[in-house]
$ cat query_11.cif   # mmCIF, C-alpha atoms
data_upload
loop_
_atom_site.label_atom_id
_atom_site.label_comp_id
_atom_site.auth_asym_id
_atom_site.auth_seq_id
_atom_site.Cartn_x
_atom_site.Cartn_y
_atom_site.Cartn_z
CA MET Y 456 23.65 -32.03 25.92
CA SER Y 457 20.86 -32.37 28.39
CA LEU Y 458 19.69 -34.81 30.98
CA VAL Y 459 16.06 -34.16 30.11
CA PRO Y 460 14.75 -37.46 28.70
CA PRO Y 461 13.22 -37.30 25.23
CA ARG Y 462 9.44 -36.99 25.11
CA SER Y 463 7.46 -40.20 24.77
CA GLY Y 464 6.77 -40.99 21.15
CA GLY Y 465 10.21 -39.72 20.17
CA PRO Y 466 13.10 -41.90 19.09
CA ARG Y 467 13.83 -44.93 21.25
CA PRO Y 468 17.30 -45.44 22.71
CA ASN Y 469 19.22 -47.35 20.09
CA VAL Y 470 22.92 -46.76 20.81
CA PRO Y 471 24.37 -49.96 22.28
CA VAL Y 472 26.63 -49.32 25.28
CA VAL Y 473 28.15 -51.52 27.99
CA LEU Y 474 27.73 -49.87 31.39
CA ASP Y 475 29.46 -51.68 34.29
CA GLY Y 476 29.24 -54.94 32.35
CA GLU Y 477 25.55 -54.59 31.47
CA GLU Y 478 24.39 -54.03 27.91
CA VAL Y 479 22.13 -50.96 27.81
CA SER Y 480 20.72 -48.74 25.08
CA ALA Y 481 21.51 -45.05 25.06
CA TYR Y 482 19.88 -42.20 23.19
CA GLU Y 483 21.83 -40.57 20.40
CA GLY Y 484 23.95 -37.82 21.97
CA GLU Y 485 23.06 -38.74 25.53
CA THR Y 486 25.79 -38.10 28.11
CA ILE Y 487 27.24 -40.93 30.17
CA LEU Y 488 25.79 -39.28 33.29
CA ALA Y 489 22.31 -39.02 31.77
CA LEU Y 490 22.43 -42.65 30.71
CA ALA Y 491 23.67 -43.79 34.11
CA ARG Y 492 20.97 -41.91 35.98
CA ARG Y 493 18.29 -43.13 33.62
CA VAL Y 494 19.18 -46.76 34.25
CA GLY Y 495 19.70 -46.26 37.99
CA THR Y 496 23.51 -46.23 38.25
CA ASP Y 497 24.81 -43.72 40.78
CA ILE Y 498 27.76 -41.54 39.73
CA PRO Y 499 28.75 -38.91 42.31
CA THR Y 500 28.57 -35.27 41.13
CA LEU Y 501 29.10 -31.89 42.71
CA CYS Y 502 29.25 -29.06 40.16
CA TYR Y 503 26.66 -30.67 37.87
CA LEU Y 504 23.07 -29.49 38.35
CA ASP Y 505 20.02 -30.37 36.29
CA GLY Y 506 18.86 -27.28 34.42
CA LEU Y 507 22.25 -25.53 34.23
CA SER Y 508 24.98 -25.67 31.61
CA ILE Y 509 27.76 -28.19 32.12
CA HIS Y 510 30.87 -26.95 33.93
CA GLY Y 511 32.94 -30.13 34.32
CA GLY Y 512 35.03 -28.58 37.09
CA CYS Y 513 34.71 -30.84 40.12
CA ARG Y 514 35.89 -34.01 38.32
CA LEU Y 515 33.91 -36.26 40.66
CA CYS Y 516 31.90 -37.87 37.84
CA MET Y 517 34.95 -39.22 36.01
CA VAL Y 518 34.53 -42.74 34.66
CA GLU Y 519 36.68 -45.29 32.88
CA VAL Y 520 36.09 -45.94 29.18
CA ALA Y 521 37.78 -48.90 27.52
CA GLY Y 522 40.52 -47.76 25.14
CA ASP Y 523 40.76 -44.27 26.67
CA SER Y 524 43.71 -43.69 29.01
CA ARG Y 525 42.10 -40.50 30.33
CA LEU Y 526 39.17 -40.50 32.73
CA PRO Y 527 36.33 -38.80 30.83
CA LEU Y 528 33.75 -36.76 32.72
CA ALA Y 529 30.37 -38.48 32.70
CA CYS Y 530 28.57 -35.11 32.74
CA ALA Y 531 30.32 -33.80 29.65
CA THR Y 532 30.94 -36.89 27.51
CA PRO Y 533 28.32 -38.15 25.05
CA VAL Y 534 28.08 -41.90 24.63
CA THR Y 535 29.19 -43.50 21.39
CA ALA Y 536 28.20 -46.88 20.00
CA GLU Y 537 29.87 -49.88 21.68
CA MET Y 538 31.39 -47.69 24.39
CA GLU Y 539 32.44 -49.77 27.42
CA ILE Y 540 32.05 -47.67 30.57
CA ARG Y 541 33.04 -48.45 34.14
CA THR Y 542 31.65 -46.17 36.85
CA ASP Y 543 32.82 -47.85 40.06
CA THR Y 544 36.35 -49.28 40.12
CA THR Y 545 38.94 -49.19 42.89
CA ALA Y 546 40.94 -46.61 40.94
CA LEU Y 547 37.89 -44.40 40.44
CA ARG Y 548 36.92 -44.67 44.09
CA ASN Y 549 40.44 -43.63 45.09
CA HIS Y 550 40.46 -40.72 42.63
CA ARG Y 551 37.09 -39.49 43.86
CA ARG Y 552 38.19 -39.73 47.46
CA ARG Y 553 41.28 -37.70 46.60
CA VAL Y 554 39.19 -35.01 44.89
CA ILE Y 555 36.92 -34.73 47.93
CA GLU Y 556 39.89 -34.61 50.31
CA LEU Y 557 41.51 -31.82 48.27
CA LEU Y 558 38.27 -29.82 48.39
CA PHE Y 559 38.33 -30.12 52.18
CA ALA Y 560 42.04 -29.33 52.38
CA GLU Y 561 41.86 -26.05 50.46
CA GLY Y 562 38.97 -24.55 52.43
CA ASN Y 563 37.91 -24.26 56.05
CA HIS Y 564 35.10 -26.80 55.99
CA ILE Y 565 34.46 -26.94 59.70
CA CYS Y 566 31.11 -28.69 59.85
CA ALA Y 567 30.62 -28.01 63.55
CA THR Y 568 30.37 -24.26 62.94
CA CYS Y 569 28.59 -24.37 59.56
CA VAL Y 570 25.06 -23.21 58.88
CA SER Y 571 24.68 -26.05 56.34
CA SER Y 572 25.91 -28.98 58.44
CA GLY Y 573 23.50 -31.84 57.83
CA ALA Y 574 22.31 -30.25 54.56
CA CYS Y 575 25.61 -30.16 52.67
CA GLU Y 576 26.51 -32.02 49.48
CA LEU Y 577 30.24 -31.92 50.28
CA GLN Y 578 29.60 -33.45 53.69
CA ASP Y 579 27.39 -36.11 52.10
CA LEU Y 580 30.01 -36.86 49.43
CA ALA Y 581 32.65 -37.35 52.14
CA ALA Y 582 30.40 -39.73 54.05
CA THR Y 583 29.31 -41.76 51.03
CA ASN Y 584 32.79 -41.98 49.51
CA GLY Y 585 34.61 -43.13 52.64
CA VAL Y 586 36.43 -39.90 53.47
CA ASP Y 587 36.81 -40.18 57.25
CA HIS Y 588 39.85 -37.90 57.44
CA ILE Y 589 41.95 -35.66 55.19
CA HIS Y 590 45.41 -37.06 54.67
CA TYR Y 591 46.61 -33.98 52.80
CA ALA Y 592 47.93 -31.10 54.90
CA LEU Y 593 45.07 -28.68 55.54
CA GLU Y 594 45.67 -25.17 54.21
CA PHE Y 595 43.62 -23.23 56.79
CA PRO Y 596 43.23 -20.28 54.39
CA ARG Y 597 42.17 -16.87 55.68
CA THR Y 598 39.27 -15.72 53.52
CA ASP Y 599 36.54 -13.13 53.75
CA VAL Y 600 32.93 -13.39 54.79
CA ASP Y 601 30.72 -11.00 52.80
CA ALA Y 602 27.66 -10.20 54.92
CA THR Y 603 26.89 -6.89 53.24
CA HIS Y 604 23.74 -8.17 51.51
CA PRO Y 605 20.56 -7.60 53.54
CA LYS Y 606 19.22 -11.11 52.92
CA TYR Y 607 22.15 -13.42 52.19
CA VAL Y 608 25.68 -14.22 53.36
CA LEU Y 609 28.72 -15.39 51.38
CA ASP Y 610 31.30 -17.32 53.41
CA ARG Y 611 34.22 -17.89 51.05
CA GLU Y 612 35.81 -20.41 53.43
CA ARG Y 613 33.02 -22.84 52.46
CA CYS Y 614 33.16 -22.22 48.69
CA VAL Y 615 34.25 -25.14 46.50
CA LEU Y 616 34.18 -23.05 43.27
CA CYS Y 617 31.57 -25.30 41.63
CA THR Y 618 30.15 -22.20 39.82
CA ARG Y 619 26.56 -23.30 40.27
CA CYS Y 620 25.77 -19.80 41.59
CA VAL Y 621 27.59 -18.16 38.67
CA ARG Y 622 25.65 -20.25 36.17
CA VAL Y 623 22.21 -20.00 37.76
CA CYS Y 624 22.51 -16.21 38.09
CA ASP Y 625 23.59 -15.86 34.48
CA GLU Y 626 21.54 -18.55 32.77
CA VAL Y 627 18.30 -18.61 34.75
CA GLU Y 628 17.95 -15.27 36.50
CA GLY Y 629 19.76 -13.38 33.75
CA ALA Y 630 21.54 -11.04 36.17
CA HIS Y 631 25.12 -12.37 36.05
CA VAL Y 632 26.17 -10.95 39.41
CA TRP Y 633 28.74 -13.67 40.08
CA ASP Y 634 32.08 -14.59 38.56
CA ILE Y 635 35.22 -16.42 39.63
CA ALA Y 636 38.14 -14.01 39.92
CA HIS Y 637 41.85 -14.91 39.84
CA ARG Y 638 43.29 -18.36 39.20
CA GLY Y 639 44.45 -21.54 40.93
CA ASN Y 640 44.51 -21.37 44.71
CA SER Y 641 43.67 -17.65 44.54
CA SER Y 642 40.37 -18.31 42.76
CA THR Y 643 37.52 -16.63 44.56
CA LEU Y 644 33.85 -15.91 44.03
CA VAL Y 645 33.17 -12.20 43.40
CA ALA Y 646 30.06 -10.11 42.87
CA GLU Y 647 30.17 -7.48 40.12
CA LEU Y 648 33.91 -7.79 39.50
CA GLY Y 649 34.77 -7.49 43.19
CA LYS Y 650 32.15 -5.30 44.85
CA PRO Y 651 30.66 -6.10 48.25
CA TRP Y 652 27.52 -8.14 47.50
CA GLY Y 653 25.32 -5.54 49.19
CA GLU Y 654 26.52 -2.91 46.69
CA ALA Y 655 25.98 -5.08 43.62
CA SER Y 656 23.12 -3.26 41.88
CA SER Y 657 22.61 -6.09 39.37
CA CYS Y 658 21.55 -8.48 42.17
CA THR Y 659 17.78 -8.96 42.06
CA TRP Y 660 17.63 -10.56 45.54
CA CYS Y 661 16.10 -13.66 43.94
CA GLY Y 662 18.17 -16.05 46.07
CA LYS Y 663 18.68 -18.69 43.39
CA CYS Y 664 22.42 -18.75 44.10
CA VAL Y 665 21.67 -19.62 47.73
CA LEU Y 666 19.23 -22.35 46.68
CA VAL Y 667 21.77 -24.12 44.46
CA CYS Y 668 24.90 -23.78 46.64
CA PRO Y 669 26.04 -27.30 47.60
CA THR Y 670 27.80 -26.16 50.80
CA GLY Y 671 27.44 -23.43 53.43
CA ALA Y 672 29.18 -20.84 51.23
CA LEU Y 673 25.91 -19.09 50.39
CA SER Y 674 23.22 -18.96 53.04
CA PHE Y 675 20.17 -17.03 54.13
CA LYS Y 676 21.12 -14.36 56.62
CA GLY Y 677 19.76 -14.99 60.09
CA ARG Y 678 19.98 -18.77 60.04
CA SER Y 679 23.24 -19.24 61.93
CA THR Y 680 23.58 -19.45 65.70
CA GLY Y 681 23.15 -16.09 67.43
CA GLU Y 682 21.85 -14.23 64.39
CA MET Y 683 18.19 -14.08 65.44
CA ARG Y 684 17.06 -10.56 66.38
CA HIS Y 685 13.75 -10.16 68.24
CA ASP Y 686 11.83 -6.87 68.21
CA PRO Y 687 9.45 -6.77 71.19
CA ASP Y 688 9.14 -2.97 70.96
CA VAL Y 689 6.89 -3.36 67.94
CA ILE Y 690 4.01 -4.42 70.24
CA GLU Y 691 4.10 -1.16 72.15
CA PHE Y 692 4.17 0.64 68.80
CA LEU Y 693 1.13 -1.27 67.53
CA THR Y 694 -0.96 -0.89 70.68
CA ARG Y 695 -0.10 2.79 71.02
CA LEU Y 696 -1.19 3.52 67.46
CA ARG Y 697 -4.36 1.50 67.99
CA ASP Y 698 -5.16 3.42 71.20
CA GLU Y 699 -4.52 6.71 69.46
CA GLY Y 700 -6.86 5.79 66.62
CA GLU Y 701 -4.22 5.90 63.93
CA TRP Y 702 -6.00 3.22 61.95
CA VAL Y 703 -9.18 4.37 60.23
CA ASP Y 704 -12.07 2.00 59.67
CA ARG Y 705 -12.33 1.31 55.94
CA GLN Y 706 -16.11 1.39 56.02
CA GLU Y 707 -16.05 4.86 57.61
CA VAL Y 708 -13.84 6.09 54.80
CA SER Y 709 -15.99 4.63 52.04
CA SER Y 710 -19.32 5.79 53.49
CA MET H 1327 29.78 -62.40 77.52
CA THR H 1328 30.20 -66.09 78.38
CA ASP H 1329 33.70 -66.19 76.98
CA ALA H 1330 34.81 -62.86 78.46
CA THR H 1331 36.62 -64.57 81.31
CA ASP H 1332 38.60 -66.75 78.89
CA ARG H 1333 40.26 -63.78 77.28
CA PRO H 1334 42.68 -61.34 78.84
CA ARG H 1335 40.93 -58.10 79.70
CA LEU H 1336 41.66 -55.32 77.24
CA ARG H 1337 43.25 -52.08 78.36
CA VAL H 1338 41.43 -49.04 76.99
CA ALA H 1339 42.44 -45.40 77.45
CA THR H 1340 40.92 -42.09 76.46
CA ALA H 1341 42.75 -38.79 76.16
CA TRP H 1342 41.70 -35.15 76.07
CA LEU H 1343 43.92 -32.92 73.93
CA GLY H 1344 42.79 -29.62 72.40
CA GLY H 1345 39.02 -30.13 72.46
CA CYS H 1346 35.98 -29.11 74.49
CA SER H 1347 35.42 -32.50 76.18
CA GLY H 1348 32.20 -32.90 74.22
CA CYS H 1349 33.44 -36.22 72.82
CA HIS H 1350 33.95 -37.48 76.36
CA MET H 1351 30.46 -36.24 77.26
CA SER H 1352 29.19 -38.31 74.34
CA PHE H 1353 31.24 -41.25 75.64
CA LEU H 1354 29.41 -40.92 78.96
CA ASP H 1355 26.17 -40.96 76.97
CA LEU H 1356 26.90 -44.66 76.41
CA ASP H 1357 25.06 -44.94 79.75
CA GLU H 1358 24.40 -48.54 80.80
CA TRP H 1359 26.53 -49.87 77.93
CA LEU H 1360 29.52 -48.68 79.99
CA PHE H 1361 28.84 -51.74 82.19
CA ASP H 1362 29.15 -53.95 79.09
CA LEU H 1363 32.39 -52.19 78.23
CA HIS H 1364 33.66 -52.83 81.74
CA GLU H 1365 32.95 -56.55 81.25
CA ARG H 1366 35.58 -56.62 78.55
CA ALA H 1367 38.04 -53.84 79.31
CA ASP H 1368 39.65 -51.72 81.98
CA LEU H 1369 39.76 -47.97 81.55
CA VAL H 1370 43.40 -47.29 82.38
CA PHE H 1371 43.87 -43.60 81.54
CA GLY H 1372 41.93 -40.47 80.65
CA PRO H 1373 39.88 -37.63 82.12
CA LEU H 1374 37.53 -40.24 83.60
CA THR H 1375 40.35 -41.77 85.67
CA ASP H 1376 42.80 -40.28 88.14
CA VAL H 1377 45.95 -41.67 86.50
CA LYS H 1378 48.60 -39.00 85.95
CA THR H 1379 50.98 -40.58 83.44
CA PHE H 1380 50.10 -42.55 80.35
CA PRO H 1381 50.53 -46.26 81.16
CA ASP H 1382 52.37 -48.97 79.21
CA ASP H 1383 50.79 -51.63 77.05
CA VAL H 1384 47.42 -50.06 76.21
CA ASP H 1385 45.32 -51.88 73.61
CA LEU H 1386 43.15 -49.00 72.40
CA THR H 1387 43.27 -45.26 72.98
CA LEU H 1388 40.52 -42.85 71.93
CA VAL H 1389 42.09 -39.42 71.49
CA GLU H 1390 39.83 -36.37 71.62
CA GLY H 1391 41.05 -32.98 70.45
CA ALA H 1392 43.55 -31.35 68.12
CA VAL H 1393 47.26 -31.11 68.88
CA THR H 1394 47.42 -27.44 69.77
CA ASN H 1395 49.96 -27.04 72.61
CA GLU H 1396 53.20 -28.56 73.88
CA ASP H 1397 51.44 -30.80 76.42
CA ASN H 1398 49.18 -32.20 73.69
CA LEU H 1399 52.20 -33.05 71.57
CA GLU H 1400 54.01 -34.79 74.42
CA LEU H 1401 50.93 -36.79 75.39
CA ALA H 1402 50.19 -37.73 71.75
CA ARG H 1403 53.68 -39.18 71.40
CA ALA H 1404 53.36 -41.09 74.68
CA ILE H 1405 50.01 -42.47 73.50
CA ARG H 1406 51.46 -43.67 70.20
CA ALA H 1407 54.46 -45.27 71.89
CA ASN H 1408 52.27 -47.24 74.29
CA SER H 1409 49.08 -48.06 72.35
CA ARG H 1410 48.39 -50.85 69.92
CA VAL H 1411 45.53 -48.97 68.25
CA VAL H 1412 45.08 -45.18 68.28
CA ALA H 1413 41.71 -43.74 67.25
CA SER H 1414 41.11 -40.09 66.37
CA PHE H 1415 38.03 -39.51 68.47
CA GLY H 1416 35.83 -36.70 67.11
CA ASP H 1417 36.25 -33.85 64.64
CA CYS H 1418 38.96 -31.90 66.51
CA ALA H 1419 41.29 -34.92 66.41
CA VAL H 1420 40.25 -35.76 62.84
CA THR H 1421 40.40 -32.28 61.23
CA GLY H 1422 41.46 -29.72 63.85
CA ASN H 1423 37.87 -28.42 63.80
CA VAL H 1424 37.06 -25.51 66.12
CA THR H 1425 40.43 -25.74 67.85
CA ALA H 1426 42.12 -25.03 64.51
CA LEU H 1427 40.00 -21.95 63.73
CA ARG H 1428 42.93 -19.94 65.06
CA ASN H 1429 45.24 -21.18 62.31
CA GLY H 1430 43.89 -18.71 59.78
CA MET H 1431 44.96 -15.84 62.07
CA GLY H 1432 48.64 -16.70 61.72
CA GLU H 1433 50.95 -16.84 64.75
CA PRO H 1434 49.37 -17.92 68.06
CA GLN H 1435 50.19 -14.50 69.47
CA ALA H 1436 47.57 -12.96 67.16
CA MET H 1437 44.88 -15.22 68.57
CA LEU H 1438 45.98 -14.61 72.17
CA GLU H 1439 45.88 -10.83 71.67
CA ARG H 1440 42.44 -11.13 70.08
CA VAL H 1441 41.03 -13.17 72.93
CA TYR H 1442 42.77 -11.77 76.00
CA VAL H 1443 43.55 -8.16 75.08
CA GLU H 1444 41.06 -6.98 72.46
CA HIS H 1445 38.12 -8.82 74.03
CA PRO H 1446 36.50 -6.38 76.47
CA ASP H 1447 35.24 -8.92 79.02
CA LEU H 1448 38.64 -10.25 80.04
CA ALA H 1449 41.45 -8.85 82.13
CA GLY H 1450 43.65 -7.72 79.27
CA VAL H 1451 46.55 -9.91 80.39
CA LEU H 1452 48.03 -12.78 78.42
CA PRO H 1453 48.12 -16.05 80.38
CA THR H 1454 51.72 -17.14 80.89
CA GLU H 1455 51.84 -19.20 84.11
CA VAL H 1456 50.87 -22.88 84.39
CA VAL H 1457 49.35 -23.07 80.91
CA PRO H 1458 51.43 -24.89 78.28
CA GLY H 1459 52.82 -22.98 75.32
CA LEU H 1460 50.84 -23.03 72.08
CA LEU H 1461 52.24 -24.71 68.97
CA PRO H 1462 52.44 -22.54 65.82
CA THR H 1463 49.22 -24.14 64.51
CA ALA H 1464 46.61 -26.55 65.84
CA GLN H 1465 46.81 -29.75 63.81
CA PRO H 1466 44.80 -32.94 63.33
CA LEU H 1467 46.18 -35.81 65.39
CA HIS H 1468 47.39 -37.73 62.32
CA GLU H 1469 49.71 -34.84 61.39
CA THR H 1470 51.64 -35.60 64.59
CA ILE H 1471 51.43 -39.36 65.12
CA THR H 1472 50.25 -42.33 63.08
CA VAL H 1473 46.53 -42.86 63.57
CA ASP H 1474 44.85 -46.21 62.93
CA VAL H 1475 41.15 -45.40 63.02
CA TYR H 1476 39.04 -42.26 62.53
CA LEU H 1477 35.80 -41.63 64.36
CA PRO H 1478 34.38 -38.33 63.04
CA GLY H 1479 31.57 -36.30 64.55
CA CYS H 1480 31.21 -33.19 66.66
CA PRO H 1481 30.75 -35.04 68.85
CA PRO H 1482 30.39 -38.60 67.56
CA SER H 1483 27.05 -39.89 68.83
CA ALA H 1484 27.05 -42.51 71.58
CA ASP H 1485 25.65 -44.98 69.03
CA ARG H 1486 28.58 -44.34 66.71
CA ILE H 1487 31.08 -44.69 69.56
CA ARG H 1488 29.50 -47.96 70.66
CA THR H 1489 29.54 -49.37 67.12
CA ALA H 1490 33.22 -48.46 66.74
CA LEU H 1491 34.19 -49.76 70.18
CA ILE H 1492 32.48 -53.13 69.65
CA ALA H 1493 34.24 -53.59 66.29
CA LEU H 1494 37.60 -52.53 67.69
CA LEU H 1495 37.34 -54.60 70.87
CA ASP H 1496 36.26 -57.65 68.85
CA ALA H 1497 39.24 -57.26 66.52
CA LEU H 1498 41.65 -56.70 69.41
CA SER H 1499 40.44 -59.56 71.59
CA ASN H 1500 40.54 -61.96 68.63
CA GLY H 1501 44.04 -60.81 67.77
CA HIS H 1502 42.93 -59.80 64.29
CA PRO H 1503 44.66 -57.00 62.41
CA LEU H 1504 42.41 -54.06 61.67
CA PRO H 1505 40.79 -54.26 58.22
CA ASP H 1506 42.70 -52.18 55.69
CA GLU H 1507 39.67 -50.08 54.84
CA TRP H 1508 39.65 -48.72 58.39
CA ARG H 1509 43.06 -47.22 57.91
CA GLY H 1510 42.04 -44.75 55.22
CA PRO H 1511 43.72 -43.83 51.96
CA GLU H 1512 47.26 -43.09 53.22
CA ASP H 1513 48.78 -45.11 50.41
CA LEU H 1514 47.19 -43.02 47.69
CA THR H 1515 49.52 -41.19 45.36
CA PHE H 1516 48.87 -39.21 42.23
CA GLY H 1517 49.36 -40.71 38.81
CA ASN H 1518 48.38 -44.32 39.24
#
$ encode --input "query_11.cif" --output "structure tokens"
Amino acid sequence: MSLVPPRSGGPRPNVPVVLDGEEVSAYEGETILALARRVGTDIPTLCYLDGLSIHGGCRLCMVEVAGDSRLPLACATPVTAEMEIRTDTTALRNHRRRVIELLFAEGNHICATCVSSGACELQDLAATNGVDHIHYALEFPRTDVDATHPKYVLDRERCVLCTRCVRVCDEVEGAHVWDIAHRGNSSTLVAELGKPWGEASSCTWCGKCVLVCPTGALSFKGRSTGEMRHDPDVIEFLTRLRDEGEWVDRQEVSS
Amino acid sequence: MTDATDRPRLRVATAWLGGCSGCHMSFLDLDEWLFDLHERADLVFGPLTDVKTFPDDVDLTLVEGAVTNEDNLELARAIRANSRVVASFGDCAVTGNVTALRNGMGEPQAMLERVYVEHPDLAGVLPTEVVPGLLPTAQPLHETITVDVYLPGCPPSADRIRTALIALLDALSNGHPLPDEWRGPEDLTFGN
């Protein structure tokens, strides 16, 4: 299953589907999400990312299909002929809002102190899905920050367990540093079966996990307030070495 | 404002619970629109007034801050008992926000020791006089009292405050009930 549209000249979409009351044609084997995006229908997603395998963990893309009492995931469900799909009903909006609220309730998603505030998919999902407060009791968990890596920081309080980092590291970089350890509320992102990130020798420092993280869980070190470190002493070092003739003219060497 | 004199003036309050006052600073950023607000409403309580006890018969109260100590709890209950509409004003009231960062440390004593004893810049003495006792955890306002409207932001921008105030004052002065969608998803339950 892929969202990549077939090349031009290939088969034309010929599977008849009813999407939110409109008759549309789907490609054979196309997912509901791929179809919806192709025809311009917005279905909210969080764990889904173009280019990675499908996880189906966040449940935000659930839709209603006539004759199915469950709520299939748009990202993981291929269309079938004559399928009648609803993507935006009151029940779905309420379910999605609940999912987003639960994600907030089980972490410490304090936007005011987050390096990703204003560039966060969870924050955007809350705003666009009408979550203006969390009516579940907040858990206020105590979790670790792993700042042992020289370039990146993992703040587990911000992690929504979408596994984008796990998948991109495994499937694209080929390093497989990340995994989810434990289960249920104890689930947590670990590097190399539980090592501090800085000691994970399989990490190639490529930063793809940081690029795909939807929240502030993974960030570039040095971006948060107070992390900047200046080094004015380097100027004295440079001028002293220049005065002492430490740098040799290349032309002198070659002649 | 031609019909302002025909309607009874609304009574608006603000309150400062466990927050940094940034939301009130943003409220002051309404600048000259505060004159327009004054055309329609009296400010009857809050840090911007010198009133000591929460008055009766308030139409709208904007509550900044989490409920983090005994005074906050008492004031929150007085606000609810005497306000037609209560708005959580800013992220600390809506989620606990920075004020609730202490919750992950467990009992309040752990946070007090961390701040007043372990921190090298302070006197090494826990404050006990005058200050109200801390509750076990800092909580969003709606965990303590029923809240009608939520105004998120840290702080909410003056534009956002003005938009909310105009809508709320219009609804209140016309005697309209607040639209259901403003009240949030309290009625949601699993399995339906």
$ resolve_selection --input "query_11.cif" --expression "the PyMOL selection byres ((chain Y) within 9 of (chain H))" --output "MDAnalysis selection string"
chainID Y and resid 546 549:550 552:553 563:568 585:590 592:598
$ write_last_selection --input "query_11.cif" --atoms "C-alpha atoms" --output "PDB file, in the frame of the given file"
ATOM      1  CA  ALA Y 546      40.940 -46.610  40.940  1.00  0.00           C
ATOM      2  CA  ASN Y 549      40.440 -43.630  45.090  1.00  0.00           C
ATOM      3  CA  HIS Y 550      40.460 -40.720  42.630  1.00  0.00           C
ATOM      4  CA  ARG Y 552      38.190 -39.730  47.460  1.00  0.00           C
ATOM      5  CA  ARG Y 553      41.280 -37.700  46.600  1.00  0.00           C
ATOM      6  CA  ASN Y 563      37.910 -24.260  56.050  1.00  0.00           C
ATOM      7  CA  HIS Y 564      35.100 -26.800  55.990  1.00  0.00           C
ATOM      8  CA  ILE Y 565      34.460 -26.940  59.700  1.00  0.00           C
ATOM      9  CA  CYS Y 566      31.110 -28.690  59.850  1.00  0.00           C
ATOM     10  CA  ALA Y 567      30.620 -28.010  63.550  1.00  0.00           C
ATOM     11  CA  THR Y 568      30.370 -24.260  62.940  1.00  0.00           C
ATOM     12  CA  GLY Y 585      34.610 -43.130  52.640  1.00  0.00           C
ATOM     13  CA  VAL Y 586      36.430 -39.900  53.470  1.00  0.00           C
ATOM     14  CA  ASP Y 587      36.810 -40.180  57.250  1.00  0.00           C
ATOM     15  CA  HIS Y 588      39.850 -37.900  57.440  1.00  0.00           C
ATOM     16  CA  ILE Y 589      41.950 -35.660  55.190  1.00  0.00           C
ATOM     17  CA  HIS Y 590      45.410 -37.060  54.670  1.00  0.00           C
ATOM     18  CA  ALA Y 592      47.930 -31.100  54.900  1.00  0.00           C
ATOM     19  CA  LEU Y 593      45.070 -28.680  55.540  1.00  0.00           C
ATOM     20  CA  GLU Y 594      45.670 -25.170  54.210  1.00  0.00           C
ATOM     21  CA  PHE Y 595      43.620 -23.230  56.790  1.00  0.00           C
ATOM     22  CA  PRO Y 596      43.230 -20.280  54.390  1.00  0.00           C
ATOM     23  CA  ARG Y 597      42.170 -16.870  55.680  1.00  0.00           C
ATOM     24  CA  THR Y 598      39.270 -15.720  53.520  1.00  0.00           C
TER      25      THR Y 598
END
$ resolve_selection --input "query_11.cif" --expression "the PyMOL selection byres ((chain H and resi 1408) around 9)" --output "list of chain:residue names"
H:Phe1380, H:Pro1381, H:Asp1382, H:Asp1383, H:Val1384, H:Asp1385, H:Arg1403, H:Ala1404, H:Ile1405, H:Arg1406, H:Ala1407, H:Ser1409, H:Arg1410
$ resolve_selection --input "query_11.cif" --expression "the PyMOL selection byres ((chain Y and resi 526) around 12)" --output "ChimeraX atom specification"
/Y:514-525,527-532,540-542,544,546-547,550-551 /H:1517-1518
$ atom_distance --input "query_11.cif" --atom1 "atom CA of Y:Ser508" --atom2 "atom CA of Y:Ala655"
23.9 Å
$ atom_distance --input "query_11.cif" --atom1 "atom CA of Y:Ser480" --atom2 "atom CA of Y:Gly465"
14.7 Å
$ closest_residue --input "query_11.cif" --among "Y:Arg678, Y:Arg622, Y:His637, Y:His604" --to "Y:Cys664" --atoms "all atoms listed in the file"
Y:Arg622
$ residues_near_point --input "query_11.cif" --point "(50.0, -36.2, 76.8)" --cutoff "10 Å" --atoms "all atoms listed in the file" --output "PDB file with C-alpha atoms, in the frame of the given file"
ATOM      1  CA  ALA H1341      42.750 -38.790  76.160  1.00  0.00           C
ATOM      2  CA  TRP H1342      41.700 -35.150  76.070  1.00  0.00           C
ATOM      3  CA  LEU H1343      43.920 -32.920  73.930  1.00  0.00           C
ATOM      4  CA  GLY H1372      41.930 -40.470  80.650  1.00  0.00           C
ATOM      5  CA  LYS H1378      48.600 -39.000  85.950  1.00  0.00           C
ATOM      6  CA  THR H1379      50.980 -40.580  83.440  1.00  0.00           C
ATOM      7  CA  PHE H1380      50.100 -42.550  80.350  1.00  0.00           C
ATOM      8  CA  VAL H1393      47.260 -31.110  68.880  1.00  0.00           C
ATOM      9  CA  GLU H1396      53.200 -28.560  73.880  1.00  0.00           C
ATOM     10  CA  ASP H1397      51.440 -30.800  76.420  1.00  0.00           C
ATOM     11  CA  ASN H1398      49.180 -32.200  73.690  1.00  0.00           C
ATOM     12  CA  LEU H1399      52.200 -33.050  71.570  1.00  0.00           C
ATOM     13  CA  GLU H1400      54.010 -34.790  74.420  1.00  0.00           C
ATOM     14  CA  LEU H1401      50.930 -36.790  75.390  1.00  0.00           C
ATOM     15  CA  ALA H1402      50.190 -37.730  71.750  1.00  0.00           C
ATOM     16  CA  ARG H1403      53.680 -39.180  71.400  1.00  0.00           C
ATOM     17  CA  ALA H1404      53.360 -41.090  74.680  1.00  0.00           C
ATOM     18  CA  ILE H1405      50.010 -42.470  73.500  1.00  0.00           C
TER      19      ILE H1405
END
$ atom_distance --input "query_11.cif" --atom1 "atom CA of H:Val1370" --atom2 "atom CA of H:Ala1339"
5.4 Å
